[in-house]
file run.txt (compact mmCIF, C-alpha atoms and all ligand atoms)
# COMPACT_ATOMS: atom_id res chain seq x y z
CA MET A 19 8.28 -8.16 5.91
CA ASP A 20 6.60 -9.74 2.95
CA LYS A 21 8.50 -12.74 1.57
CA GLY A 22 6.91 -12.56 -1.86
CA LEU A 23 4.51 -15.44 -1.30
CA LYS A 24 2.18 -16.40 -4.14
CA PRO A 25 -1.33 -14.87 -3.96
CA LYS A 26 -4.22 -17.19 -3.11
CA PRO A 27 -5.23 -18.69 -6.48
CA ALA A 28 -8.93 -18.48 -5.64
CA PHE A 29 -8.80 -14.71 -6.07
CA LEU A 30 -7.57 -14.83 -9.62
CA ASN A 31 -10.95 -15.72 -11.08
CA TRP A 32 -13.20 -13.99 -8.62
CA HIS A 33 -14.39 -11.30 -10.91
CA ARG A 34 -13.52 -12.55 -14.35
CA GLY A 35 -16.48 -11.71 -16.57
CA ILE A 36 -18.59 -10.33 -13.71
CA GLU A 37 -19.64 -6.67 -13.83
CA LEU A 38 -18.91 -4.89 -10.58
CA LYS A 39 -20.11 -1.58 -9.26
CA ILE A 40 -17.33 0.62 -7.93
CA ILE A 41 -18.15 2.47 -4.73
CA SER A 42 -15.98 5.60 -4.44
CA GLY A 43 -14.80 5.80 -0.86
CA PRO A 44 -14.29 9.38 0.37
CA THR A 45 -10.51 8.90 0.66
CA SER A 46 -10.01 7.46 -2.85
CA LYS A 47 -12.52 9.27 -5.08
CA GLU A 48 -10.09 10.02 -7.89
CA LEU A 49 -8.56 6.55 -7.85
CA ALA A 50 -12.05 4.97 -7.90
CA GLU A 51 -13.06 7.14 -10.88
CA ASN A 52 -9.92 6.08 -12.73
CA VAL A 53 -10.66 2.41 -11.99
CA SER A 54 -14.21 2.90 -13.28
CA ASN A 55 -12.87 4.48 -16.47
CA LEU A 56 -10.36 1.70 -17.05
CA THR A 57 -12.72 -1.19 -16.27
CA GLY A 58 -15.92 0.30 -17.66
CA TYR A 59 -17.62 -0.52 -14.34
CA SER A 60 -20.10 2.09 -13.18
CA ASN A 61 -19.33 4.28 -10.21
CA VAL A 62 -21.47 4.78 -7.13
CA PRO A 63 -20.65 8.08 -5.41
CA VAL A 64 -20.63 8.31 -1.63
CA ILE A 65 -21.90 11.26 0.37
CA SER A 66 -19.86 11.68 3.53
CA LYS A 67 -19.57 14.09 6.39
CA VAL A 68 -18.18 14.33 9.88
CA PHE A 69 -20.61 15.32 12.61
CA PRO A 70 -19.66 18.13 15.01
CA ASP A 71 -18.68 15.53 17.62
CA GLY A 72 -16.22 13.90 15.19
CA GLU A 73 -18.30 10.87 14.19
CA SER A 74 -18.42 9.77 10.54
CA TYR A 75 -21.46 9.52 8.28
CA VAL A 76 -21.64 7.90 4.84
CA ARG A 77 -24.48 7.32 2.36
CA LEU A 78 -24.28 5.43 -0.95
CA ASP A 79 -25.74 7.63 -3.67
CA GLY A 80 -26.77 4.88 -6.10
CA GLU A 81 -28.36 1.45 -6.52
CA VAL A 82 -26.41 -1.68 -5.56
CA LYS A 83 -29.26 -4.17 -5.07
CA GLY A 84 -28.26 -7.60 -6.38
CA GLU A 85 -24.81 -6.32 -7.46
CA ASP A 86 -21.25 -7.35 -6.67
CA VAL A 87 -19.55 -4.18 -5.47
CA ALA A 88 -15.95 -3.06 -4.87
CA ILE A 89 -15.48 -0.29 -2.32
CA ILE A 90 -12.25 1.61 -2.97
CA GLN A 91 -11.07 3.33 0.18
CA THR A 92 -7.51 3.86 1.32
CA THR A 93 -6.95 4.13 5.08
CA CYS A 94 -3.78 6.20 5.27
CA PRO A 95 -3.19 8.95 7.82
CA PRO A 96 -4.42 11.44 8.79
CA ALA A 97 -7.48 10.11 10.61
CA GLN A 98 -6.96 6.49 9.63
CA ASP A 99 -9.26 5.27 12.42
CA GLY A 100 -12.15 7.31 11.00
CA ARG A 101 -11.29 6.14 7.49
CA LEU A 102 -11.46 2.51 8.58
CA LEU A 103 -14.85 3.18 10.14
CA GLN A 104 -16.06 4.84 6.93
CA LEU A 105 -15.04 1.66 5.10
CA ALA A 106 -16.96 -0.49 7.57
CA PHE A 107 -20.01 1.78 7.33
CA MET A 108 -19.95 1.66 3.50
CA ALA A 109 -19.81 -2.15 3.60
CA ASP A 110 -22.73 -2.25 6.00
CA ALA A 111 -24.69 0.23 3.86
CA ALA A 112 -24.00 -1.83 0.71
CA LYS A 113 -25.21 -5.05 2.32
CA ARG A 114 -28.33 -3.37 3.73
CA ALA A 115 -29.05 -1.99 0.25
CA GLY A 116 -28.97 -5.56 -1.11
CA ALA A 117 -25.44 -5.89 -2.53
CA LYS A 118 -24.60 -9.55 -3.18
CA LYS A 119 -20.87 -9.51 -2.56
CA VAL A 120 -18.71 -6.73 -1.12
CA THR A 121 -15.03 -6.51 -2.02
CA ALA A 122 -12.94 -4.00 -0.10
CA VAL A 123 -10.13 -2.49 -2.16
CA VAL A 124 -7.85 -0.86 0.40
CA PRO A 125 -4.62 0.36 -1.21
CA TYR A 126 -3.03 1.26 2.14
CA LEU A 127 -4.24 -0.79 5.07
CA ALA A 128 -3.71 0.99 8.38
CA TYR A 129 -2.27 -1.06 11.25
CA ALA A 130 -0.62 -3.55 8.87
CA ARG A 131 2.74 -3.13 10.63
CA GLN A 132 1.45 -4.53 13.93
CA ASP A 133 1.33 -7.97 12.34
CA LYS A 134 2.62 -9.96 15.30
CA MET A 135 3.05 -9.73 19.05
CA PHE A 136 6.50 -8.17 19.24
CA LEU A 137 6.30 -7.73 23.04
CA SER A 138 4.19 -9.57 25.57
CA GLY A 139 0.93 -7.81 26.31
CA GLU A 140 0.45 -6.61 22.72
CA GLY A 141 -2.32 -7.62 20.35
CA ILE A 142 -2.16 -8.16 16.58
CA SER A 143 -3.85 -5.01 15.31
CA VAL A 144 -4.03 -6.01 11.64
CA GLU A 145 -6.02 -9.15 12.51
CA THR A 146 -8.42 -7.16 14.70
CA ILE A 147 -9.02 -4.75 11.82
CA ALA A 148 -9.73 -7.63 9.41
CA ARG A 149 -12.23 -9.21 11.81
CA MET A 150 -13.98 -5.85 12.25
CA LEU A 151 -14.26 -5.46 8.48
CA LYS A 152 -15.67 -8.97 8.14
CA ALA A 153 -18.28 -8.19 10.79
CA ALA A 154 -19.25 -5.06 8.83
CA GLY A 155 -20.06 -7.10 5.72
CA ILE A 156 -16.86 -7.35 3.70
CA ASP A 157 -16.57 -10.65 1.81
CA GLU A 158 -13.32 -10.22 -0.12
CA PHE A 159 -10.28 -8.05 0.29
CA LEU A 160 -7.70 -6.61 -2.08
CA THR A 161 -4.75 -4.48 -1.02
CA VAL A 162 -1.43 -3.30 -2.43
CA ASN A 163 1.98 -4.23 -0.99
CA LEU A 164 0.63 -5.26 2.37
CA HIS A 165 3.44 -4.92 4.89
CA SER A 166 3.44 -8.67 5.54
CA GLU A 167 1.72 -11.01 3.11
CA MET A 168 1.64 -13.59 5.91
CA SER A 169 -1.06 -11.49 7.61
CA LEU A 170 -3.51 -12.54 4.89
CA LYS A 171 -3.45 -16.10 6.18
CA GLN A 172 -5.28 -14.95 9.31
CA PHE A 173 -7.85 -12.78 7.51
CA PRO A 174 -11.41 -14.12 7.77
CA PHE A 175 -12.16 -13.54 4.06
CA ALA A 176 -10.58 -14.35 0.71
CA SER A 177 -7.83 -11.79 0.27
CA ARG A 178 -4.77 -10.90 -1.71
CA THR A 179 -2.09 -8.26 -2.06
CA VAL A 180 -0.69 -7.10 -5.40
CA SER A 181 2.60 -5.29 -5.93
CA ALA A 182 3.01 -1.79 -7.34
CA ILE A 183 6.80 -2.00 -7.33
CA PRO A 184 7.06 -2.80 -11.09
CA LEU A 185 4.97 0.33 -11.84
CA ILE A 186 7.29 2.47 -9.70
CA ALA A 187 10.38 1.00 -11.33
CA ASP A 188 8.82 1.66 -14.73
CA TYR A 189 8.38 5.34 -13.78
CA PHE A 190 12.16 5.55 -13.33
CA VAL A 191 12.83 3.64 -16.57
CA LYS A 192 10.68 6.20 -18.42
CA LYS A 193 12.78 8.97 -16.83
CA GLY A 194 15.90 7.39 -18.32
CA TYR A 195 17.23 5.36 -15.38
CA LYS A 196 17.20 1.93 -16.98
CA GLY A 197 20.01 -0.08 -15.39
CA ALA A 198 19.78 1.69 -12.01
CA TYR A 199 20.73 -0.30 -8.90
CA ALA A 200 17.64 -1.42 -6.91
CA LEU A 201 18.23 -1.30 -3.16
CA SER A 202 15.96 -2.39 -0.35
CA PRO A 203 16.68 -0.83 3.05
CA ASP A 204 16.40 -4.14 4.85
CA LYS A 205 16.97 -7.78 4.05
CA GLY A 206 13.34 -8.80 4.57
CA ALA A 207 12.33 -6.45 1.76
CA MET A 208 14.81 -7.87 -0.74
CA TYR A 209 11.88 -9.21 -2.76
CA ILE A 210 10.95 -5.56 -3.43
CA ALA A 211 14.42 -4.80 -4.81
CA GLN A 212 14.20 -7.94 -6.95
CA GLN A 213 10.81 -6.95 -8.39
CA ALA A 214 12.26 -3.54 -9.30
CA GLN A 215 15.39 -5.14 -10.70
CA SER A 216 13.32 -7.17 -13.14
CA VAL A 217 12.09 -3.88 -14.65
CA LEU A 218 15.25 -1.76 -14.24
CA GLY A 219 17.58 -4.48 -15.48
CA GLY A 220 20.52 -3.49 -13.22
CA ASP A 221 21.86 -5.01 -10.01
CA ALA A 222 19.96 -5.37 -6.74
CA GLY A 223 20.93 -5.54 -3.09
CA HIS A 224 19.88 -4.71 0.42
CA LEU A 225 21.01 -3.03 3.62
CA ASN A 226 20.43 -4.56 7.05
CA LYS A 227 18.14 -2.90 9.55
CA SER A 228 17.44 -3.84 13.16
CA ARG A 229 14.94 -2.18 15.48
CA ASP A 230 14.83 -1.87 19.27
CA ARG A 231 11.23 -2.85 20.01
CA TYR A 232 11.08 -0.70 23.15
CA THR A 233 12.55 2.57 21.85
CA GLY A 234 11.73 2.09 18.15
CA GLN A 235 15.36 3.10 17.31
CA THR A 236 16.79 1.44 14.20
CA VAL A 237 20.37 0.65 13.16
CA GLN A 238 21.26 0.30 9.49
CA THR A 239 24.38 -1.34 8.11
CA ALA A 240 25.75 -2.26 4.69
CA GLU A 241 27.63 -5.50 4.10
CA GLY A 242 29.35 -6.19 0.82
CA LEU A 243 27.56 -3.36 -0.98
CA ASN A 244 29.37 -1.58 -3.79
CA VAL A 245 27.44 1.23 -5.42
CA LYS A 246 30.33 3.59 -6.21
CA GLY A 247 29.44 5.75 -9.21
CA GLN A 248 26.02 4.12 -9.57
CA THR A 249 22.51 5.51 -9.84
CA VAL A 250 20.62 3.89 -6.96
CA LEU A 251 16.88 3.58 -6.42
CA ILE A 252 15.96 2.85 -2.79
CA LEU A 253 12.62 1.03 -2.62
CA ASP A 254 10.37 0.40 0.36
CA ASP A 255 6.75 -0.47 0.96
CA ILE A 256 6.13 2.42 3.38
CA ILE A 257 7.83 5.71 4.13
CA SER A 258 6.61 7.01 7.45
CA THR A 259 9.00 9.36 9.29
CA GLY A 260 11.58 8.98 6.52
CA GLY A 261 14.24 7.73 8.96
CA THR A 262 14.84 4.50 7.04
CA ILE A 263 15.35 6.24 3.68
CA ILE A 264 17.49 8.99 5.20
CA GLY A 265 19.74 6.39 6.85
CA ALA A 266 20.03 4.47 3.59
CA ALA A 267 20.78 7.63 1.59
CA LYS A 268 23.59 8.51 4.01
CA ILE A 269 25.21 5.09 3.54
CA LEU A 270 24.89 5.37 -0.25
CA ARG A 271 26.49 8.82 -0.28
CA GLU A 272 29.36 7.55 1.89
CA GLN A 273 29.85 4.74 -0.62
CA GLY A 274 30.06 7.22 -3.50
CA ALA A 275 26.73 6.62 -5.27
CA LYS A 276 26.33 9.11 -8.13
CA HIS A 277 22.55 9.63 -7.93
CA VAL A 278 20.09 8.49 -5.25
CA PHE A 279 16.33 8.27 -5.82
CA CYS A 280 13.63 6.63 -3.79
CA GLY A 281 10.35 4.92 -4.54
CA CYS A 282 7.70 3.66 -2.17
CA VAL A 283 4.18 2.36 -2.48
CA HIS A 284 2.76 4.10 0.57
CA GLY A 285 4.33 7.53 1.08
CA LEU A 286 2.89 8.57 4.43
CA LEU A 287 5.60 11.23 4.83
CA ILE A 288 4.76 12.17 8.39
CA GLY A 289 5.70 15.73 9.44
CA ASP A 290 8.58 17.15 7.40
CA ALA A 291 9.74 13.73 6.15
CA GLU A 292 9.71 14.83 2.51
CA LYS A 293 12.01 17.79 3.15
CA ARG A 294 14.35 15.76 5.35
CA ILE A 295 14.66 13.03 2.70
CA LEU A 296 15.44 15.59 -0.01
CA ASP A 297 17.91 17.34 2.32
CA ALA A 298 19.62 13.95 2.77
CA GLY A 299 20.51 14.02 -0.92
CA VAL A 300 17.65 11.98 -2.42
CA GLU A 301 16.94 13.61 -5.78
CA GLU A 302 13.30 12.54 -6.15
CA ILE A 303 10.74 10.66 -4.04
CA VAL A 304 8.06 8.73 -5.90
CA GLY A 305 4.97 7.16 -4.36
CA THR A 306 1.52 6.05 -5.49
CA ASP A 307 -2.03 7.31 -5.05
CA SER A 308 -2.43 4.83 -2.20
CA VAL A 309 -1.56 7.96 -0.23
CA PRO A 310 -2.71 10.94 -2.30
CA GLY A 311 -0.27 13.84 -2.10
CA ASN A 312 2.80 15.59 -3.54
CA ILE A 313 4.75 12.46 -4.32
CA SER A 314 1.93 10.22 -5.60
CA LYS A 315 3.17 10.22 -9.17
CA VAL A 316 2.24 6.61 -9.99
CA SER A 317 -1.41 5.61 -10.18
CA LEU A 318 -2.58 2.26 -8.87
CA ALA A 319 -5.65 2.39 -11.13
CA PRO A 320 -4.27 0.05 -13.85
CA LEU A 321 -3.09 -2.51 -11.27
CA ILE A 322 -6.35 -2.49 -9.29
CA SER A 323 -8.39 -2.65 -12.50
CA GLN A 324 -6.48 -5.69 -13.68
CA ALA A 325 -6.79 -7.38 -10.28
CA LEU A 326 -10.55 -6.79 -10.18
CA LYS A 327 -10.87 -8.24 -13.68
CA GLY A 328 -8.83 -11.28 -12.66
CA ALA A 329 -6.13 -10.34 -15.17
CA VAL A 330 -3.20 -10.35 -12.71
C1 LIG A 401 9.26 -1.20 7.98
O1 LIG A 401 9.64 -2.35 8.09
C2 LIG A 401 8.74 -0.63 6.72
O2 LIG A 401 8.95 -1.48 5.64
C3 LIG A 401 9.35 0.72 6.44
O3 LIG A 401 10.75 0.55 6.24
C4 LIG A 401 9.14 1.65 7.60
O4 LIG A 401 7.79 1.69 7.93
C5 LIG A 401 9.63 3.03 7.27
O5 LIG A 401 9.45 3.85 8.38
P1 LIG A 401 10.23 5.21 8.54
O6 LIG A 401 9.99 6.01 7.30
O7 LIG A 401 9.63 5.84 9.75
O8 LIG A 401 11.67 4.88 8.74
call {"tool": "encode", "arguments": {"input": "run.txt", "output": "C-alpha cells", "more": "lines below"}}
Ligand code: R5P
result
Amino acid sequence: MDKGLKPKPAFLNWHRGIELKIISGPTSKELAENVSNLTGYSNVPVISKVFPDGESYVRLDGEVKGEDVAIIQTTCPPAQDGRLLQLAFMADAAKRAGAKKVTAVVPYLAYARQDKMFLSGEGISVETIARMLKAAGIDEFLTVNLHSEMSLKQFPFASRTVSAIPLIADYFVKKGYKGAYALSPDKGAMYIAQQAQSVLGGDAGHLNKSRDRYTGQTVQTAEGLNVKGQTVLILDDIISTGGTIIGAAKILREQGAKHVFCGCVHGLLIGDAEKRILDAGVEEIVGTDSVPGNISKVSLAPLISQALKGAV
C-alpha cells in the first residue's frame, strides 16, 4: 500500500502557465469535459469504435500540432485491457499529429495492484503497463490514489499520484458527519484514514488484514479499536469484490458502531458488491468518477484541474 510519500517535485511546475489541450478519452468523456470547463483548456473529442473482431479504433477529432496535450482516460473494468490500448493508441495518434508533449491522466490505472512479485514466476504488471505506455508516446503521467506510490519510482516517465480522499471526506462533512471516525481496513492504508481525519476532525484508526497469496483469502482483525456508539467512515483506495469492506463493517457492527459509511476512490464494485456491502449494514457507499457509475458521487475534475495547472 501507499505510504503517503511526497510527489516528485518536478511535476508541480510542469504545466504552470502552459495551455494544454484536453483529449477526451472514450472512458472519461464527462470528466474530461468538466476538466476543460474548470481549466479553460480546449477539448479535443475522440471518435472511437470497436471492430467486429473486438479490436479498438480511435481518431482524434481536432488539431494538436505543436501543442502539449493531456489525454484523460480511466482504465477501470470492464474491458480494461482494451481501455489501456485505446490510451496507447490516442498517445500514438497525438504524437503522429505533431503534439509536443503527451500527458496521460489515468484516474484508475489497471494492474496497479500487481506492483511486486508476490510469488516466484510472476511479473510486475504495473511496470509492464508503464513501459508500454512510454513506448506509445506518453511523456508524463498523472493518476489518482495509485495503489502503491512506490510503483512510480519504476515508471519510465515523470509521474505522480494525487489523493482524492480529502474530497470524499468533505462529501461526508457536507452531509453532516463532521467528527466521524476514519477507519482504514488495513494498516498499510492508515495514511488514507489520516488524510480523511484531517477533514473530518474526529479520530482515526485501522484494522489489520492479511492475505493468502495462493488462495487470495483475507483475514481481518481489530486490535485496540473502540468505536462503540460512533459514526464510522471506512475508507479504501479500491473496492473490488467488496469483501474487505464487508469484513470491516461486520467488525464495526460487533463493536457497536452507530452508523457505518464507506468511501473509496475507485469503486469497481464487481458483480453484486454494492448490494452485498449495503446488506452488510453500510448505509452509503461513495466513490469518484474514476469509475463512472452509481456510487461516483465525487468528481475528480477539480483535483485533476489543479494538478494540471500545477496548483497542487
Ligand atoms: C487492497 O489492498 C486494496 O487496497 C483494497 O482493499 C482491495 O483491492 C479491495 O478488494 P475487495 O473489495 O475485493 O476486498
call {"tool": "closest_residue", "arguments": {"input": "run.txt", "among": "A:Gly35, A:Ala200, A:Ala214, A:Gly72", "to": "A:Leu185", "atoms": "all atoms listed in the file"}}
result
A:Ala214
call {"tool": "closest_residue", "arguments": {"input": "run.txt", "among": "A:Gly223, A:Gly58, A:Gly247, A:Pro203", "to": "ligand LIG 401 (chain A)", "atoms": "only C-alpha atoms and all ligand atoms"}}
result
A:Pro203
call {"tool": "residues_around", "arguments": {"input": "run.txt", "residues": "stretch 135-137 of chain A", "least_positions_apart": "3", "cutoff": "9 Å", "atoms": "only C-alpha atoms", "output": "PDB file with C-alpha atoms, keeping the file's coordinate frame"}}
result
ATOM      1  CA  GLN A 132       1.450  -4.530  13.930  1.00  0.00           C
ATOM      2  CA  GLU A 140       0.450  -6.610  22.720  1.00  0.00           C
ATOM      3  CA  GLY A 141      -2.320  -7.620  20.350  1.00  0.00           C
ATOM      4  CA  ILE A 142      -2.160  -8.160  16.580  1.00  0.00           C
ATOM      5  CA  ARG A 231      11.230  -2.850  20.010  1.00  0.00           C
ATOM      6  CA  TYR A 232      11.080  -0.700  23.150  1.00  0.00           C
TER       7      TYR A 232
END
call {"tool": "closest_residue", "arguments": {"input": "run.txt", "among": "A:Ala275, A:Val62, A:Leu253, A:Glu85", "to": "A:Ile36", "atoms": "only C-alpha atoms"}}
result
A:Glu85
call {"tool": "residues_near_ligand", "arguments": {"input": "run.txt", "ligand": "ligand LIG 401 (chain A)", "cutoff": "8 Å", "atoms": "all atoms listed in the file", "output": "ChimeraX atom specification"}}
result
/A:19,131,165,203-204,207,254-264,287,291
call {"tool": "atom_distance", "arguments": {"input": "run.txt", "atom1": "atom CA of A:Val283", "atom2": "atom CA of A:Ile252"}}
result
11.8 Å
call {"tool": "closest_residue", "arguments": {"input": "run.txt", "among": "A:His224, A:Lys246, A:Lys196, A:Lys47", "to": "A:Tyr209", "atoms": "all atoms listed in the file"}}
result
A:His224
call {"tool": "residues_around", "arguments": {"input": "run.txt", "residues": "stretch 121-123 of chain A", "least_positions_apart": "3", "cutoff": "9 Å", "atoms": "all atoms listed in the file", "output": "list in words"}}
result
Asp86, Val87, Ala88, Ile89, Ile90, Gln91, Thr92, Leu105, Ala109, Leu151, Ile156, Asp157, Glu158, Phe159, Leu160, Thr161, Val162 and Ile322 of chain A
call {"tool": "residues_near_point", "arguments": {"input": "run.txt", "point": "(21.5, 8.4, -8.4)", "cutoff": "6 Å", "atoms": "only C-alpha atoms", "output": "number ranges by chain"}}
result
A: 249-250, 276-279
call {"tool": "residues_around", "arguments": {"input": "run.txt", "residues": "A:Pro310", "least_positions_apart": "5", "cutoff": "10 Å", "atoms": "all atoms listed in the file", "output": "PyMOL selection string"}}
result
chain A and resi 45-46+48-49+92+94+284-286+305+315+317
call {"tool": "atom_distance", "arguments": {"input": "run.txt", "atom1": "atom CA of A:Asp290", "atom2": "atom CA of A:Lys268"}}
result
17.6 Å
call {"tool": "atom_distance", "arguments": {"input": "run.txt", "atom1": "atom CA of A:Tyr59", "atom2": "atom CA of A:Arg101"}}
result
23.7 Å
call {"tool": "residues_near_point", "arguments": {"input": "run.txt", "point": "(11.9, -7.1, -5.0)", "cutoff": "9 Å", "atoms": "all atoms listed in the file", "output": "PyMOL selection string"}}
result
chain A and resi 22+183-184+200-202+207-216+222+253
call {"tool": "closest_residue", "arguments": {"input": "run.txt", "among": "A:Ile147, A:Val300, A:Val76, A:Ala130", "to": "A:Glu167", "atoms": "only C-alpha atoms"}}
result
A:Ala130
call {"tool": "residues_around", "arguments": {"input": "run.txt", "residues": "A:Asp307", "least_positions_apart": "5", "cutoff": "7 Å", "atoms": "all atoms listed in the file", "output": "VMD selection string"}}
result
chain A and resid 314 316 to 318
call {"tool": "closest_residue", "arguments": {"input": "run.txt", "among": "A:Pro174, A:Gly84, A:Pro125, A:Pro44", "to": "A:Ala148", "atoms": "only C-alpha atoms"}}
result
A:Pro174
call {"tool": "axis_aligned_box", "arguments": {"input": "run.txt", "around": "stretch 74-83 of chain A", "padding_each_side": "8 Å", "output": "AutoDock Vina command-line options"}}
result
--center_x -23.8 --center_y 2.8 --center_z 2.0 --size_x 26.8 --size_y 29.9 --size_z 33.1
call {"tool": "decode", "arguments": {"input": "run.txt", "residues": "stretch 216-248 of chain A", "atoms": "C-alpha atoms", "output": "mmCIF file, in the first residue's frame"}}
result
data_model
loop_
_atom_site.group_PDB
_atom_site.id
_atom_site.type_symbol
_atom_site.label_atom_id
_atom_site.label_comp_id
_atom_site.auth_asym_id
_atom_site.auth_seq_id
_atom_site.Cartn_x
_atom_site.Cartn_y
_atom_site.Cartn_z
ATOM 1 C CA SER A 216 -7.711 15.925 8.729
ATOM 2 C CA VAL A 217 -11.010 16.874 7.047
ATOM 3 C CA LEU A 218 -13.458 15.062 9.353
ATOM 4 C CA GLY A 219 -11.750 16.192 12.540
ATOM 5 C CA GLY A 220 -12.539 13.008 14.527
ATOM 6 C CA ASP A 221 -10.399 10.015 15.467
ATOM 7 C CA ALA A 222 -8.702 7.631 13.048
ATOM 8 C CA GLY A 223 -7.612 4.018 13.187
ATOM 9 C CA HIS A 224 -7.114 0.866 11.196
ATOM 10 C CA LEU A 225 -7.909 -2.831 11.094
ATOM 11 C CA ASN A 226 -5.325 -5.457 10.186
ATOM 12 C CA LYS A 227 -5.679 -7.521 7.039
ATOM 13 C CA SER A 228 -3.563 -10.424 5.827
ATOM 14 C CA ARG A 229 -3.924 -12.256 2.522
ATOM 15 C CA ASP A 230 -3.033 -15.799 1.487
ATOM 16 C CA ARG A 231 -1.205 -15.207 -1.792
ATOM 17 C CA TYR A 232 -2.220 -18.593 -3.212
ATOM 18 C CA THR A 233 -5.952 -18.615 -2.412
ATOM 19 C CA GLY A 234 -6.477 -14.829 -2.220
ATOM 20 C CA GLN A 235 -8.367 -15.352 1.102
ATOM 21 C CA THR A 236 -8.050 -12.488 3.582
ATOM 22 C CA VAL A 237 -8.310 -12.373 7.378
ATOM 23 C CA GLN A 238 -9.270 -9.143 9.133
ATOM 24 C CA THR A 239 -8.762 -8.371 12.800
ATOM 25 C CA ALA A 240 -9.205 -5.378 15.096
ATOM 26 C CA GLU A 241 -6.729 -4.588 17.850
ATOM 27 C CA GLY A 242 -7.418 -1.888 20.382
ATOM 28 C CA LEU A 243 -10.260 -0.395 18.357
ATOM 29 C CA ASN A 244 -13.127 1.250 20.210
ATOM 30 C CA VAL A 245 -15.879 2.635 18.024
ATOM 31 C CA LYS A 246 -18.873 1.954 20.282
ATOM 32 C CA GLY A 247 -21.636 4.461 19.546
ATOM 33 C CA GLN A 248 -19.572 6.182 16.849
#
